[in-house]
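Novice: Structure file structure_19.tsv (TSV, C-alpha atoms) right here:
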chain	number	residue	atom	x	y	z
A	79	MET	CA	109.42	83.59	142.91
A	80	LYS	CA	112.43	85.83	142.77
A	81	GLN	CA	113.54	84.25	139.49
A	82	LYS	CA	110.10	84.87	138.04
A	83	LYS	CA	110.23	88.50	139.07
A	84	GLY	CA	113.66	88.86	137.54
A	85	ARG	CA	112.47	87.42	134.26
A	86	PHE	CA	109.47	89.75	134.28
A	87	ALA	CA	111.71	92.76	134.76
A	88	ALA	CA	114.05	91.55	132.03
A	89	ILE	CA	111.21	91.20	129.53
A	90	ASP	CA	109.99	94.65	130.58
A	91	ALA	CA	113.39	96.13	129.87
A	92	LEU	CA	113.49	94.36	126.50
A	93	LEU	CA	110.08	95.73	125.54
A	94	LEU	CA	111.03	99.26	126.59
A	95	MET	CA	114.15	98.89	124.50
A	96	GLY	CA	111.90	97.82	121.63
A	97	VAL	CA	110.01	101.10	122.05
A	98	ALA	CA	113.14	103.24	122.08
A	99	MET	CA	115.32	101.37	119.58
A	100	PRO	CA	113.36	102.17	116.40
A	101	LEU	CA	113.47	105.89	117.21
A	102	LEU	CA	117.18	105.73	117.95
A	103	ALA	CA	117.69	103.79	114.73
A	104	GLY	CA	115.77	106.50	112.87
A	105	ILE	CA	117.96	109.21	114.36
A	106	ALA	CA	121.10	107.21	113.52
A	107	LEU	CA	119.91	106.73	109.92
A	108	LYS	CA	119.18	110.43	109.63
A	109	VAL	CA	122.57	111.44	111.03
A	110	LEU	CA	124.44	108.95	108.86
A	111	PHE	CA	122.72	109.32	105.52
A	112	VAL	CA	120.59	112.45	105.21
A	113	PRO	CA	122.68	115.50	104.25
A	114	ALA	CA	122.23	118.47	106.57
A	115	ALA	CA	120.13	121.35	105.32
A	116	GLU	CA	121.74	124.74	104.85
A	117	GLY	CA	119.63	127.83	105.43
A	118	ILE	CA	116.11	127.68	104.11
A	119	GLU	CA	115.76	124.30	102.56
A	120	ILE	CA	112.38	122.67	102.52
A	121	THR	CA	112.61	119.39	100.71
A	122	GLY	CA	110.49	116.29	100.53
A	123	ALA	CA	111.48	113.00	102.08
A	124	TYR	CA	115.07	111.93	101.46
A	125	ILE	CA	115.39	108.92	99.14
A	126	PHE	CA	117.69	106.33	100.68
A	127	PHE	CA	117.88	104.07	97.64
A	128	THR	CA	115.77	102.95	94.72
A	129	LEU	CA	114.62	99.40	94.17
A	130	LYS	CA	114.36	98.17	90.61
A	131	MET	CA	110.91	96.71	90.11
A	132	PRO	CA	110.00	94.37	87.23
A	133	VAL	CA	106.64	96.09	86.66
A	134	GLY	CA	105.50	99.69	86.86
A	135	GLY	CA	108.62	101.76	87.39
A	136	ASP	CA	111.09	101.86	90.25
A	137	LEU	CA	110.30	101.81	93.93
A	138	PRO	CA	112.15	104.50	95.85
A	139	ILE	CA	112.70	103.71	99.54
A	140	THR	CA	112.27	107.09	101.22
A	141	GLU	CA	112.56	108.45	104.71
A	142	THR	CA	108.77	108.35	104.88
A	143	GLN	CA	108.55	104.60	104.47
A	144	VAL	CA	111.43	103.91	106.83
A	145	ASN	CA	110.05	106.23	109.50
A	146	SER	CA	106.54	104.80	109.18
A	147	TRP	CA	107.87	101.31	109.80
A	148	LEU	CA	109.93	102.54	112.72
A	149	VAL	CA	106.85	104.20	114.23
A	150	ILE	CA	104.82	101.04	113.69
A	151	MET	CA	107.48	98.96	115.45
A	152	SER	CA	107.65	101.44	118.29
A	153	ILE	CA	103.88	101.40	118.80
A	154	PHE	CA	103.86	97.60	118.61
A	155	PHE	CA	106.38	97.29	121.42
A	156	LEU	CA	104.61	100.00	123.41
A	157	CYS	CA	101.37	98.00	123.22
A	158	LEU	CA	103.23	94.84	124.29
A	159	TYR	CA	104.76	96.75	127.18
A	160	LEU	CA	101.42	98.16	128.32
A	161	THR	CA	99.72	94.77	128.22
A	162	HIS	CA	102.59	92.83	129.78
A	163	GLY	CA	101.59	91.10	132.99
A	164	LEU	CA	97.85	91.75	132.95
A	165	LYS	CA	96.00	90.68	136.08
A	166	ALA	CA	92.30	90.16	136.65
A	167	GLU	CA	92.40	92.00	139.99
A	168	GLY	CA	94.48	94.93	141.08
A	169	GLY	CA	97.09	95.25	138.40
A	170	SER	CA	99.86	97.71	137.86
A	171	ARG	CA	99.68	101.34	136.84
A	172	ARG	CA	100.34	100.58	133.21
A	173	GLN	CA	97.46	98.11	133.17
A	174	HIS	CA	95.19	100.93	134.32
A	175	LEU	CA	96.60	103.11	131.55
A	176	ALA	CA	95.97	100.42	128.95
A	177	GLU	CA	92.44	99.85	130.26
A	178	TRP	CA	91.79	103.58	130.21
A	179	ILE	CA	92.91	103.83	126.58
A	180	VAL	CA	90.72	100.92	125.52
A	181	GLU	CA	87.72	102.24	127.43
A	182	GLN	CA	88.10	105.73	126.01
A	183	THR	CA	88.34	104.41	122.45
A	184	ASP	CA	85.32	102.19	123.00
A	185	THR	CA	83.18	105.03	124.33
A	186	LEU	CA	84.33	107.34	121.53
A	187	VAL	CA	83.36	104.81	118.89
A	188	MET	CA	80.07	103.95	120.59
A	189	GLU	CA	79.12	107.62	120.91
A	190	ASN	CA	79.95	108.56	117.35
A	191	MET	CA	79.16	105.43	115.38
A	192	GLY	CA	76.46	103.62	117.29
A	193	GLU	CA	75.90	100.04	118.32
A	194	TYR	CA	76.33	98.46	114.88
A	195	PHE	CA	79.95	99.64	114.50
A	196	LYS	CA	81.13	98.44	117.91
A	197	GLY	CA	83.84	96.35	116.26
A	198	PHE	CA	85.43	99.46	114.79
A	199	SER	CA	87.19	100.56	117.96
A	200	PRO	CA	90.46	98.64	117.34
A	201	PHE	CA	90.68	100.16	113.87
A	202	ILE	CA	89.94	103.67	115.12
A	203	GLY	CA	92.43	103.21	117.94
A	204	ALA	CA	95.06	102.10	115.44
A	205	VAL	CA	94.40	105.08	113.18
A	206	LEU	CA	94.57	107.47	116.14
A	207	GLY	CA	97.75	105.97	117.51
A	208	LEU	CA	99.58	105.68	114.22
A	209	SER	CA	98.63	109.16	113.11
A	210	ALA	CA	99.46	110.81	116.43
A	211	PHE	CA	102.80	109.04	116.80
A	212	SER	CA	103.71	109.72	113.18
A	213	SER	CA	103.29	113.44	113.77
A	214	LEU	CA	104.89	113.42	117.21
A	215	VAL	CA	108.02	111.80	115.82
A	216	THR	CA	109.18	115.33	114.95
A	217	LEU	CA	109.85	115.83	118.65
A	218	VAL	CA	112.94	113.62	118.39
A	219	GLY	CA	113.97	115.32	115.17
A	220	LEU	CA	112.81	112.76	112.64
A	221	TYR	CA	110.95	113.43	109.42
A	222	PRO	CA	107.23	113.00	110.18
A	223	PRO	CA	105.64	110.46	107.79
A	224	THR	CA	102.36	112.39	107.91
A	225	SER	CA	103.95	115.38	106.19
A	226	ASP	CA	104.23	113.22	103.07
A	227	ILE	CA	101.05	113.23	101.01
A	228	ASN	CA	101.52	109.58	100.03
A	229	VAL	CA	100.97	108.39	103.60
A	230	THR	CA	97.85	110.41	104.34
A	231	ALA	CA	96.49	109.72	100.85
A	232	GLY	CA	96.94	106.01	101.49
A	233	TRP	CA	94.96	106.25	104.71
A	234	ALA	CA	92.29	108.37	103.06
A	235	ILE	CA	91.89	105.88	100.20
A	236	MET	CA	91.51	103.10	102.77
A	237	VAL	CA	88.78	105.11	104.49
A	238	PHE	CA	87.15	105.76	101.11
A	239	PHE	CA	86.92	102.02	100.47
A	240	LEU	CA	85.43	101.52	103.93
A	241	ILE	CA	82.81	104.21	103.30
A	242	THR	CA	81.89	102.72	99.94
A	243	TYR	CA	81.71	99.22	101.42
A	244	TYR	CA	79.26	100.31	104.08
A	245	LYS	CA	77.24	102.33	101.58
A	246	MET	CA	76.96	99.20	99.45
A	247	LYS	CA	75.58	97.17	102.35
A	248	CYS	CA	72.06	97.42	100.92
A	249	GLY	CA	73.18	96.31	97.49
A	250	PRO	CA	74.72	98.23	94.58
A	251	LEU	CA	71.35	99.44	93.30
A	252	HIS	CA	70.59	101.19	96.56
A	253	TYR	CA	74.06	102.69	96.43
A	254	LEU	CA	73.55	104.03	92.91
A	255	LYS	CA	70.16	105.41	93.86
A	256	SER	CA	71.70	107.37	96.73
A	257	PHE	CA	73.47	109.57	94.16
A	258	GLY	CA	70.13	110.78	92.82
A	259	GLU	CA	69.16	112.39	96.11
A	260	PRO	CA	67.64	114.83	96.81
A	261	VAL	CA	67.08	115.62	93.11
A	262	ALA	CA	68.22	113.48	90.19
A	263	PHE	CA	70.06	116.22	88.31
A	264	LEU	CA	72.40	116.75	91.28
A	265	ALA	CA	73.99	113.37	90.61
A	266	PRO	CA	77.25	114.75	89.11
A	267	LEU	CA	77.76	116.94	92.15
A	268	ASN	CA	77.18	113.98	94.41
A	269	VAL	CA	79.79	111.98	92.52
A	270	ILE	CA	82.28	114.83	92.87
A	271	SER	CA	81.62	115.17	96.58
A	272	GLU	CA	82.09	111.42	96.93
A	273	PHE	CA	85.62	111.76	95.58
A	274	ALA	CA	86.26	115.02	97.40
A	275	THR	CA	86.01	113.22	100.74
A	276	PRO	CA	89.29	111.27	100.56
A	277	VAL	CA	91.04	114.17	98.81
A	278	SER	CA	90.10	116.64	101.51
A	279	MET	CA	90.97	114.19	104.28
A	280	ALA	CA	94.42	113.54	102.81
A	281	PHE	CA	95.13	117.22	102.12
A	282	ARG	CA	93.91	118.33	105.53
A	283	HIS	CA	96.18	116.04	107.49
A	284	TYR	CA	99.20	116.49	105.26
A	285	GLY	CA	98.74	120.25	104.88
A	286	ASN	CA	98.51	120.86	108.59
A	287	ILE	CA	101.65	118.92	109.47
A	288	LEU	CA	103.62	120.26	106.51
A	289	SER	CA	102.62	123.88	107.13
A	290	GLY	CA	103.84	123.50	110.71
A	291	THR	CA	107.21	122.29	109.44
A	292	VAL	CA	107.47	125.06	106.85
A	293	ILE	CA	106.58	127.81	109.31
A	294	SER	CA	109.02	126.42	111.90
A	295	VAL	CA	111.83	126.43	109.34
A	296	LEU	CA	110.99	129.96	108.20
A	297	VAL	CA	110.84	131.33	111.75
A	298	GLY	CA	114.05	129.54	112.69
A	299	THR	CA	115.90	130.99	109.71
A	300	ALA	CA	114.50	134.48	110.31
A	301	LEU	CA	115.61	134.40	113.95
A	302	GLN	CA	119.04	133.20	112.90
A	303	GLY	CA	119.31	136.12	110.50
A	304	LEU	CA	118.15	138.52	113.21
A	305	THR	CA	120.76	137.23	115.64
A	306	SER	CA	123.62	137.52	113.18
A	307	LEU	CA	122.41	140.97	112.12
A	308	LEU	CA	122.10	142.48	115.59
A	309	LEU	CA	124.66	140.55	117.62
A	310	GLY	CA	127.05	139.36	114.91
A	311	ARG	CA	129.50	142.23	115.58
A	312	LEU	CA	130.02	141.23	119.20
A	313	PRO	CA	133.42	139.75	119.94
A	314	GLY	CA	134.15	136.09	120.56
A	315	ILE	CA	131.51	133.57	121.56
A	316	LEU	CA	128.92	136.29	122.21
A	317	GLY	CA	128.73	136.91	118.47
A	318	GLN	CA	127.85	133.32	117.67
A	319	PHE	CA	125.53	132.74	120.59
A	320	PRO	CA	122.01	131.98	119.20
A	321	PHE	CA	120.36	134.57	121.41
A	322	PHE	CA	117.04	135.08	119.60
A	323	GLN	CA	116.59	131.41	118.73
A	324	ILE	CA	115.87	130.60	122.37
A	325	GLY	CA	112.24	130.37	123.33
A	326	LEU	CA	110.06	131.24	120.36
A	327	PRO	CA	110.73	128.07	118.29
A	328	ALA	CA	109.92	125.99	121.37
A	329	VAL	CA	106.55	127.71	121.75
A	330	LEU	CA	105.83	127.20	118.06
A	331	SER	CA	106.82	123.57	118.43
A	332	VAL	CA	104.35	123.08	121.27
A	333	TYR	CA	101.59	124.31	118.99
A	334	PHE	CA	102.62	122.83	115.65
A	335	ASP	CA	104.12	119.53	116.77
A	336	LEU	CA	102.27	118.62	119.96
A	337	PHE	CA	98.87	120.26	119.67
A	338	SER	CA	98.40	120.19	115.91
A	339	GLY	CA	99.74	116.66	115.57
A	340	CYS	CA	97.40	115.24	118.20
A	341	LEU	CA	94.47	117.34	116.96
A	342	GLN	CA	94.90	116.21	113.37
A	343	ALA	CA	95.08	112.58	114.47
A	344	PHE	CA	91.89	113.04	116.45
A	345	ILE	CA	90.17	114.79	113.55
A	346	PHE	CA	91.21	112.13	111.06
A	347	ALA	CA	89.81	109.40	113.32
A	348	MET	CA	86.68	111.44	114.01
A	349	LEU	CA	86.01	112.08	110.32
A	350	THR	CA	86.58	108.40	109.57
A	351	MET	CA	83.97	107.49	112.14
A	352	LEU	CA	81.48	110.09	111.00
A	353	TYR	CA	81.82	109.32	107.29
A	354	VAL	CA	81.65	105.54	107.71
A	355	SER	CA	78.69	105.58	110.06
A	356	GLY	CA	77.03	108.40	108.16
A	357	GLY	CA	77.27	106.63	104.84
A	358	PHE	CA	75.74	103.45	106.21
A	359	PRO	CA	71.96	103.40	105.49
A	360	GLU	CA	71.03	101.87	108.83
A	361	GLU	CA	67.25	101.95	108.58
A	362	ASP	CA	67.10	100.53	105.08
A	363	TYR	CA	69.56	97.84	106.07
A	364	ARG	CA	67.44	96.83	109.03
A	365	LYS	CA	64.30	96.76	106.88
A	366	LYS	CA	66.11	94.58	104.37
A	367	GLN	CA	67.22	92.17	107.07
A	368	GLU	CA	63.66	91.92	108.36
A	369	ARG	CA	62.30	91.33	104.89
A	370	LYS	CA	64.82	88.55	104.41
A	371	LYS	CA	63.84	87.01	107.71
A	372	ASN	CA	60.15	87.13	106.84
A	373	LYS	CA	60.85	85.58	103.45
A	374	ASN	CA	62.80	82.76	105.03
A	375	ARG	CA	60.02	82.16	107.52
A	376	LYS	CA	57.46	82.01	104.71
A	377	HIS	CA	59.64	79.61	102.78
A	378	SER	CA	60.07	77.31	105.75
A	379	ALA	CA	56.33	77.49	106.41
A	380	VAL	CA	55.58	76.51	102.80
A	381	ASN	CA	58.10	73.71	102.92
A	382	ALA	CA	56.66	72.38	106.12
B	289	MET	CA	116.77	135.75	76.59
B	290	LEU	CA	116.78	132.44	78.39
B	291	GLU	CA	117.48	134.17	81.70
B	292	LEU	CA	114.52	136.46	81.13
B	293	ALA	CA	112.23	133.49	80.42
B	294	ILE	CA	113.36	131.63	83.53
B	295	GLY	CA	113.03	134.81	85.55
B	296	ILE	CA	109.47	135.28	84.34
B	297	ILE	CA	108.67	131.67	85.28
B	298	LEU	CA	110.10	132.03	88.77
B	299	GLY	CA	108.48	135.40	89.38
B	300	CYS	CA	105.09	134.29	88.17
B	301	CYS	CA	105.26	131.15	90.30
B	302	ALA	CA	106.01	133.26	93.37
B	303	LEU	CA	103.23	135.72	92.49
B	304	GLY	CA	100.81	132.86	91.98
B	305	ALA	CA	101.72	131.33	95.30
B	306	GLY	CA	101.21	134.64	97.06
B	307	THR	CA	97.90	135.18	95.34
B	308	ALA	CA	96.74	131.69	96.17
B	309	MET	CA	97.23	132.34	99.86
B	310	ILE	CA	94.57	135.09	99.75
B	311	ALA	CA	92.30	132.11	100.36
B	312	GLY	CA	93.63	132.17	103.92
B	313	ILE	CA	91.17	135.01	104.64
B	314	GLY	CA	88.14	132.74	104.36
B	315	PRO	CA	89.09	130.08	106.91
B	316	GLY	CA	90.34	132.82	109.22
B	317	ILE	CA	86.97	134.55	109.30
B	318	GLY	CA	85.11	131.26	109.43
B	319	GLU	CA	87.11	129.82	112.29
B	320	GLY	CA	86.91	133.09	114.17
B	321	ASN	CA	83.13	132.96	113.89
B	322	ALA	CA	83.07	129.35	115.03
B	323	VAL	CA	85.21	130.06	118.08
B	324	ALA	CA	83.18	133.15	118.95
B	325	LYS	CA	79.96	131.17	118.85
B	326	ALA	CA	81.54	128.38	120.87
B	327	CYS	CA	82.60	130.91	123.52
B	328	GLU	CA	79.05	132.23	123.63
B	329	ALA	CA	77.68	128.72	123.99
B	330	ILE	CA	80.08	127.90	126.80
B	331	GLY	CA	79.19	131.16	128.51
B	332	ARG	CA	75.53	130.28	128.34
B	333	GLN	CA	75.96	126.65	129.31
B	334	PRO	CA	79.28	126.10	131.07
B	335	GLU	CA	78.45	122.46	131.79
B	336	SER	CA	78.50	121.57	128.08
B	337	ARG	CA	82.07	122.79	127.71
B	338	GLY	CA	83.57	119.45	126.65
B	339	SER	CA	81.21	118.61	123.83
B	340	VAL	CA	81.14	122.21	122.55
B	341	THR	CA	84.93	122.29	122.41
B	342	THR	CA	85.11	118.97	120.57
B	343	THR	CA	82.49	120.01	118.04
B	344	MET	CA	84.19	123.37	117.57
B	345	LEU	CA	87.56	121.76	116.87
B	346	MET	CA	85.92	119.44	114.35
B	347	GLY	CA	84.18	122.34	112.65
B	348	CYS	CA	87.39	124.36	112.60
B	349	ALA	CA	89.21	121.47	110.98
B	350	VAL	CA	86.58	121.18	108.28
B	351	ALA	CA	86.49	124.94	107.72
B	352	GLU	CA	90.26	124.93	107.40
B	353	THR	CA	90.12	122.67	104.35
B	354	THR	CA	89.80	125.41	101.74
B	355	GLY	CA	92.74	127.25	103.24
B	356	LEU	CA	94.77	124.08	103.10
B	357	TYR	CA	93.88	123.59	99.45
B	358	ALA	CA	95.34	127.03	98.83
B	359	LEU	CA	98.40	126.10	100.88
B	360	VAL	CA	98.94	122.95	98.83
B	361	ILE	CA	98.66	124.95	95.61
B	362	ALA	CA	101.11	127.53	96.94
B	363	ILE	CA	103.59	124.86	98.00
B	364	LEU	CA	103.31	123.21	94.59
B	365	LEU	CA	103.88	126.55	92.91
B	366	ILE	CA	106.95	127.31	94.99
B	367	PHE	CA	108.67	123.94	95.16
B	368	VAL	CA	107.42	121.88	92.22
B	369	ALA	CA	106.16	124.11	89.43
B	370	PRO	CA	109.35	126.12	88.65
B	371	GLY	CA	111.44	123.01	87.96
B	372	TYR	CA	108.68	121.46	85.91
B	373	LEU	CA	108.08	124.59	83.84
B	374	VAL	CA	111.78	125.24	83.30
B	375	ASN	CA	112.11	121.65	82.08
B	376	ILE	CA	109.32	122.24	79.58
B	377	LEU	CA	111.00	125.45	78.44
B	378	MET	CA	114.32	123.66	77.94
B	379	ARG	CA	112.64	120.91	75.98
B	380	THR	CA	110.87	123.35	73.66
B	381	ILE	CA	114.07	125.30	73.07
B	382	GLY	CA	115.92	122.06	72.48
Would you mind giving the structure from this file in structure tokens?
Specialist:
Amino acid sequence: MKQKKGRFAAIDALLLMGVAMPLLAGIALKVLFVPAAEGIEITGAYIFFTLKMPVGGDLPITETQVNSWLVIMSIFFLCLYLTHGLKAEGGSRRQHLAEWIVEQTDTLVMENMGEYFKGFSPFIGAVLGLSAFSSLVTLVGLYPPTSDINVTAGWAIMVFFLITYYKMKCGPLHYLKSFGEPVAFLAPLNVISEFATPVSMAFRHYGNILSGTVISVLVGTALQGLTSLLLGRLPGILGQFPFFQIGLPAVLSVYFDLFSGCLQAFIFAMLTMLYVSGGFPEEDYRKKQERKKNKNRKHSAVNA
Amino acid sequence: MLELAIGIILGCCALGAGTAMIAGIGPGIGEGNAVAKACEAIGRQPESRGSVTTTMLMGCAVAETTGLYALVIAILLIFVAPGYLVNILMRTIG
């Protein structure tokens, strides 16, 4: 019994280490390789190295890709930790937390997408978790993958394919006909709005996170300048003490990193749900299914 | 002469970025309206606070989109366009 408990605790510790290690590795990579910024310097993701590809140009391995994989690993181990040692009755605190997360995601998906899309909740949960953690990774000083347009554009394109797939559920003809609504000559506008969906989703997420970073850098630099202007003449350590940099950047960080990051993740997941379930022609699909059923019944009746 | 050309490019990029951010007025007014209406709704029906807040945040996020387009344009103009345009200038001069 005691041995079993010891092993359980050891695996727990390993899993927790799996949560923390990727972030620590990210910080170590940043400290070792990324050159420190001087003054106002707002750059894109740092390129670690470039892979030579046989087709279609080179593949640069950037901070974005590395950090995304680190976040994915961290979330993976967090999920393993939360679901470690599940029990049918009672259960630990973390089991309750895991159950609460799953229940909340399920109700969110059921409320916003309806019965037909019940299987979507793992996907929505994954989008929420990945997006939120990708933005929150700024809290430990890493480059947030969501402030790179490539990441959010990738997600948005994925969502675009999902939307189109569910719009095509009633056949391609029905899909093409949906562009001619409400009036046929509005078709070009409908096509444009179809492509505007992923573009606006990608820009919204990326713009929000990036603007937070830019404003934080600007405010930080301005406060630094203010300190050196007003208190720079003071003798000794008082002159270098970052007096004005205390406080305000932290408040900004609460808004831009914590609140905005979580809100954007929620909004991305919400819009995914609304667009996918909104594009799906549920009534027509049901009618089609019924028609098929009736046809089959007729056929079997004739054959009999 | 070359300095003047590069100076014009940089200055016009900065001007363009500043002008683009005039678009920030629209989302500001729109979101302010949305929040005001949400406050009214919560005042009238305090029990529907949760759903009103969620819907308001969603609406704010969608209303913000145009402002973010402007922001993306401004960021492109500040950080990407000058290098690109100066490159073109250098190539044409030879």
Novice: Could you list, with a cut-off of 9 Å and counting all atoms listed in the file, the residues of chain B near chain A, each shown with its nearest atom pair and the distance in Å rounded to one decimal, rows sorted by chain and ascending number, as a tab-separated table?
Specialist:
residue	atom	partner	partner_atom	distance
B:Leu345	CA	A:Ile345	CA	8.1
B:Met346	CA	A:Ile345	CA	6.4
B:Ala349	CA	A:Ile345	CA	7.2
B:Val350	CA	A:Arg282	CA	8.3
B:Glu352	CA	A:Arg282	CA	7.8
B:Thr353	CA	A:Arg282	CA	5.9
B:Thr354	CA	A:Ser278	CA	8.8
B:Leu356	CA	A:Gly285	CA	5.8
B:Tyr357	CA	A:Phe281	CA	7.0
B:Leu359	CA	A:Gly285	CA	7.1
B:Val360	CA	A:Gly285	CA	6.6
B:Phe367	CA	A:Thr121	CA	8.2
Novice: Grab the residues selected above and save them as a compact mmCIF listing (two decimals), in the coordinates of the input with C-alpha atoms.
Specialist:
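Just written: again.txt:
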# COMPACT_ATOMS: atom_id res chain seq x y z
CA LEU B 345 87.56 121.76 116.87
CA MET B 346 85.92 119.44 114.35
CA ALA B 349 89.21 121.47 110.98
CA VAL B 350 86.58 121.18 108.28
CA GLU B 352 90.26 124.93 107.40
CA THR B 353 90.12 122.67 104.35
CA THR B 354 89.80 125.41 101.74
CA LEU B 356 94.77 124.08 103.10
CA TYR B 357 93.88 123.59 99.45
CA LEU B 359 98.40 126.10 100.88
CA VAL B 360 98.94 122.95 98.83
CA PHE B 367 108.67 123.94 95.16
Novice: Work out how far atom CA of B:Ala369 is from atom CA of B:Ala305, in Å to one decimal.
Specialist: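 Between atom CA of B:Ala305 and atom CA of B:Ala369 the gap works out to 10.3 Å.
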Novice: Using all atoms listed in the file, which residues sit within 10 Å of stretch 124-135 of chain A once same-chain residues fewer than 4 positions away are excluded, as a PyMOL selection string?
Specialist: chain A and resi 107-108+111-113+139-144+221
Novice: Would you pick out the contacts of stretch 235-242 of chain A at 6 Å or less, using all atoms listed in the file, so that residues sharing its chain but fewer than 2 positions from it are not included, and give the list as an NGL selection string?
Specialist: :A and (232-233 or 244-245 or 276 or 354)
Novice: For the residues in that selection, give me C-alpha atoms as a PDB file, keeping the file's coordinate frame.
Specialist:
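In the end it all went to selection_2.pdb:
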ATOM      1  CA  GLY A 232      96.940 106.010 101.490  1.00  0.00           C
ATOM      2  CA  TRP A 233      94.960 106.250 104.710  1.00  0.00           C
ATOM      3  CA  TYR A 244      79.260 100.310 104.080  1.00  0.00           C
ATOM      4  CA  LYS A 245      77.240 102.330 101.580  1.00  0.00           C
ATOM      5  CA  PRO A 276      89.290 111.270 100.560  1.00  0.00           C
ATOM      6  CA  VAL A 354      81.650 105.540 107.710  1.00  0.00           C
TER       7      VAL A 354
END
Novice: Which distance in Å separates atom CA of A:Gly303 and atom CA of B:Gly371, to one decimal?
Specialist: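 Atom CA of A:Gly303 sits 27.2 Å away from atom CA of B:Gly371.
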